[in-house]
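**Student:** Sharing a structure with you now.
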Amino acid sequence: MTEALESHPSVTAYTPRRLALYDAVILGLSCSLVWKCPRRHMLELYNRHVGTPHLDIGVGTGYFLDHCRFPVAQPEITLVDLSEACLSKAAARLERYSPRVVKANALEPLDLGAVRYASVALNGVLHCLPVPPEAKAVVFRNVKPFLADGGIVFGSTILGSGVDHGWVARKALGLYNREGVFTNLADRVDGLERALADEVGEPHIEVRGSFALFDARA
């Protein structure tokens, strides 16, 4: 599956050129104007829950790890992604923390050694996974063995169904799903809630615009 996914639009869309615009266009304009969930809400999620060691899956540009408040000056960070461009961009941005970089597919069992993480973030990941909603729970199952006792999984995802999308969001959902960048038209908050409850622990989910912001503690 990993080789096929590496060439999937949900991975190949993140080119160095597009990543150069990602913070301003995607995290800035799109989150606020299209999805009605300004990025400050995702940053607040990091500030509430990020710990050390921390595992970040689907790292984007590393924006939130660059801006969030860690509980210590030199946190242990592991970055996991299938996109070499994203890993390179995030690792360079977070160089001051000397992050560990792992190229891996979160839909398959992870090989992360003996580390147990206080926090695991899946921010903006689930809506990109090219599998049906019920199959996305495997990501939580794959990270559970690496959670410390009392560790927390948190993140955000754009829901495709069951929320009040604006006209622009509906158009964007259709376009991104046709292009294969998103696979989320059937993603609902109740499915996310079940997946977290079954694989991690009691979930807390807040819907803002098209986004679900979630956390669950092991």
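Here's how to read the names in the structure tokens: chain A, B, ... by the order shown, residue numbers from 1 in each chain, ligand numbers from 1 in the order shown.
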Write out as a tab-separated table a residue-level contact list of range 124-214 of chain A versus range 104-111 of chain A with cut-off 9 Å: for each qualifying residue the closest pair of atoms and the distance in Å to one decimal, counting only C-alpha atoms, rows sorted by chain and residue number upward.
**Tutor:**
```
residue	atom	partner	partner_atom	distance
A:Leu129	CA	A:Leu107	CA	8.3
A:Ala135	CA	A:Leu107	CA	8.6
A:Lys136	CA	A:Leu107	CA	7.5
A:Ala137	CA	A:Leu107	CA	8.9
A:Val138	CA	A:Leu107	CA	6.1
A:Val139	CA	A:Leu107	CA	5.4
A:Phe140	CA	A:Ala106	CA	8.8
A:Arg141	CA	A:Pro109	CA	8.6
A:Asn142	CA	A:Pro109	CA	5.4
A:Val143	CA	A:Leu110	CA	7.4
```
**Student:** Convert the current residue selection to file output with all heavy atoms, as an mmCIF file, in the first residue's frame.
**Tutor:**
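Done, and the output landed in again-v6.cif:
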```cif
data_model
loop_
_atom_site.group_PDB
_atom_site.id
_atom_site.type_symbol
_atom_site.label_atom_id
_atom_site.label_comp_id
_atom_site.auth_asym_id
_atom_site.auth_seq_id
_atom_site.Cartn_x
_atom_site.Cartn_y
_atom_site.Cartn_z
ATOM 1 N N LEU A 129 -6.707 10.952 3.824
ATOM 2 C CA LEU A 129 -6.438 9.520 3.668
ATOM 3 C C LEU A 129 -7.373 8.916 2.630
ATOM 4 O O LEU A 129 -8.598 9.012 2.767
ATOM 5 C CB LEU A 129 -6.615 8.806 5.005
ATOM 6 C CG LEU A 129 -5.657 9.222 6.126
ATOM 7 C CD1 LEU A 129 -6.004 8.483 7.420
ATOM 8 C CD2 LEU A 129 -4.207 8.974 5.731
ATOM 9 N N ALA A 135 -12.247 2.796 7.574
ATOM 10 C CA ALA A 135 -10.870 2.311 7.495
ATOM 11 C C ALA A 135 -9.875 3.288 8.114
ATOM 12 O O ALA A 135 -8.731 2.922 8.371
ATOM 13 C CB ALA A 135 -10.489 2.034 6.040
ATOM 14 N N LYS A 136 -10.310 4.507 8.367
ATOM 15 C CA LYS A 136 -9.391 5.515 8.905
ATOM 16 C C LYS A 136 -9.058 5.261 10.367
ATOM 17 O O LYS A 136 -8.051 5.758 10.874
ATOM 18 C CB LYS A 136 -9.965 6.918 8.693
ATOM 19 C CG LYS A 136 -10.113 7.255 7.218
ATOM 20 C CD LYS A 136 -10.608 8.668 6.961
ATOM 21 C CE LYS A 136 -10.748 8.905 5.455
ATOM 22 N NZ LYS A 136 -11.108 10.292 5.118
ATOM 23 N N ALA A 137 -9.892 4.479 11.048
ATOM 24 C CA ALA A 137 -9.632 4.161 12.451
ATOM 25 C C ALA A 137 -8.319 3.426 12.645
ATOM 26 O O ALA A 137 -7.738 3.455 13.733
ATOM 27 C CB ALA A 137 -10.782 3.333 13.024
ATOM 28 N N VAL A 138 -7.821 2.792 11.585
ATOM 29 C CA VAL A 138 -6.571 2.040 11.710
ATOM 30 C C VAL A 138 -5.409 2.958 12.074
ATOM 31 O O VAL A 138 -4.440 2.514 12.705
ATOM 32 C CB VAL A 138 -6.267 1.266 10.405
ATOM 33 C CG1 VAL A 138 -5.800 2.185 9.292
ATOM 34 C CG2 VAL A 138 -5.228 0.194 10.651
ATOM 35 N N VAL A 139 -5.495 4.213 11.731
ATOM 36 C CA VAL A 139 -4.426 5.152 12.099
ATOM 37 C C VAL A 139 -4.326 5.260 13.618
ATOM 38 O O VAL A 139 -3.224 5.231 14.184
ATOM 39 C CB VAL A 139 -4.682 6.533 11.469
ATOM 40 C CG1 VAL A 139 -3.639 7.538 11.946
ATOM 41 C CG2 VAL A 139 -4.660 6.442 9.953
ATOM 42 N N PHE A 140 -5.458 5.374 14.288
ATOM 43 C CA PHE A 140 -5.443 5.428 15.755
ATOM 44 C C PHE A 140 -4.936 4.115 16.342
ATOM 45 O O PHE A 140 -4.203 4.107 17.336
ATOM 46 C CB PHE A 140 -6.840 5.746 16.291
ATOM 47 C CG PHE A 140 -7.403 7.047 15.808
ATOM 48 C CD1 PHE A 140 -8.642 7.105 15.199
ATOM 49 C CD2 PHE A 140 -6.694 8.223 15.962
ATOM 50 C CE1 PHE A 140 -9.172 8.308 14.755
ATOM 51 C CE2 PHE A 140 -7.210 9.437 15.517
ATOM 52 C CZ PHE A 140 -8.447 9.473 14.914
ATOM 53 N N ARG A 141 -5.316 3.010 15.708
ATOM 54 C CA ARG A 141 -4.846 1.698 16.164
ATOM 55 C C ARG A 141 -3.325 1.586 16.021
ATOM 56 O O ARG A 141 -2.650 1.005 16.868
ATOM 57 C CB ARG A 141 -5.537 0.611 15.353
ATOM 58 C CG ARG A 141 -5.369 -0.814 15.884
ATOM 59 C CD ARG A 141 -6.188 -1.777 15.041
ATOM 60 N NE ARG A 141 -7.553 -1.298 14.886
ATOM 61 C CZ ARG A 141 -8.277 -1.447 13.775
ATOM 62 N NH1 ARG A 141 -7.783 -2.080 12.728
ATOM 63 N NH2 ARG A 141 -9.511 -0.978 13.729
ATOM 64 N N ASN A 142 -2.787 2.174 14.975
ATOM 65 C CA ASN A 142 -1.349 2.084 14.734
ATOM 66 C C ASN A 142 -0.528 2.960 15.666
ATOM 67 O O ASN A 142 0.645 2.665 15.913
ATOM 68 C CB ASN A 142 -1.047 2.443 13.274
ATOM 69 C CG ASN A 142 -1.505 1.366 12.304
ATOM 70 O OD1 ASN A 142 -1.699 0.210 12.687
ATOM 71 N ND2 ASN A 142 -1.694 1.728 11.047
ATOM 72 N N VAL A 143 -1.114 4.040 16.172
ATOM 73 C CA VAL A 143 -0.351 4.900 17.089
ATOM 74 C C VAL A 143 -0.525 4.479 18.544
ATOM 75 O O VAL A 143 0.319 4.810 19.387
ATOM 76 C CB VAL A 143 -0.707 6.402 16.929
ATOM 77 C CG1 VAL A 143 -0.468 6.853 15.512
ATOM 78 C CG2 VAL A 143 -2.123 6.702 17.375
#
```
**Student:** Determine which residues of chain A receive a DSSP assignment of helix (DSSP H, G or I), computed from the backbone, and state them as a ChimeraX atom specification.
**Tutor:** /A:2-6,9-12,16-34,39-49,63-67,84-93,95-97,126-128,133-146,167-179,189-199
**Student:** Kindly give the distance, in Å, that separates CA of Pro38 in chain A and CA of Ile26 in chain A, rounded to a single decimal.
**Tutor:**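 That distance, rounded to one decimal, is 10.3 Å.
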**Student:** Rounded to one decimal, what separation in Å do you get between CA of Asp66 in chain A and CA of Phe154 in chain A?
**Tutor:**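 Computing it gives 16.9 Å between the two atoms.
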**Student:** Distance CA of Ala186 in chain A-CA of Val59 in chain A, one decimal place?
**Tutor:**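 For CA of Ala186 in chain A relative to CA of Val59 in chain A, the distance reads 23.8 Å.
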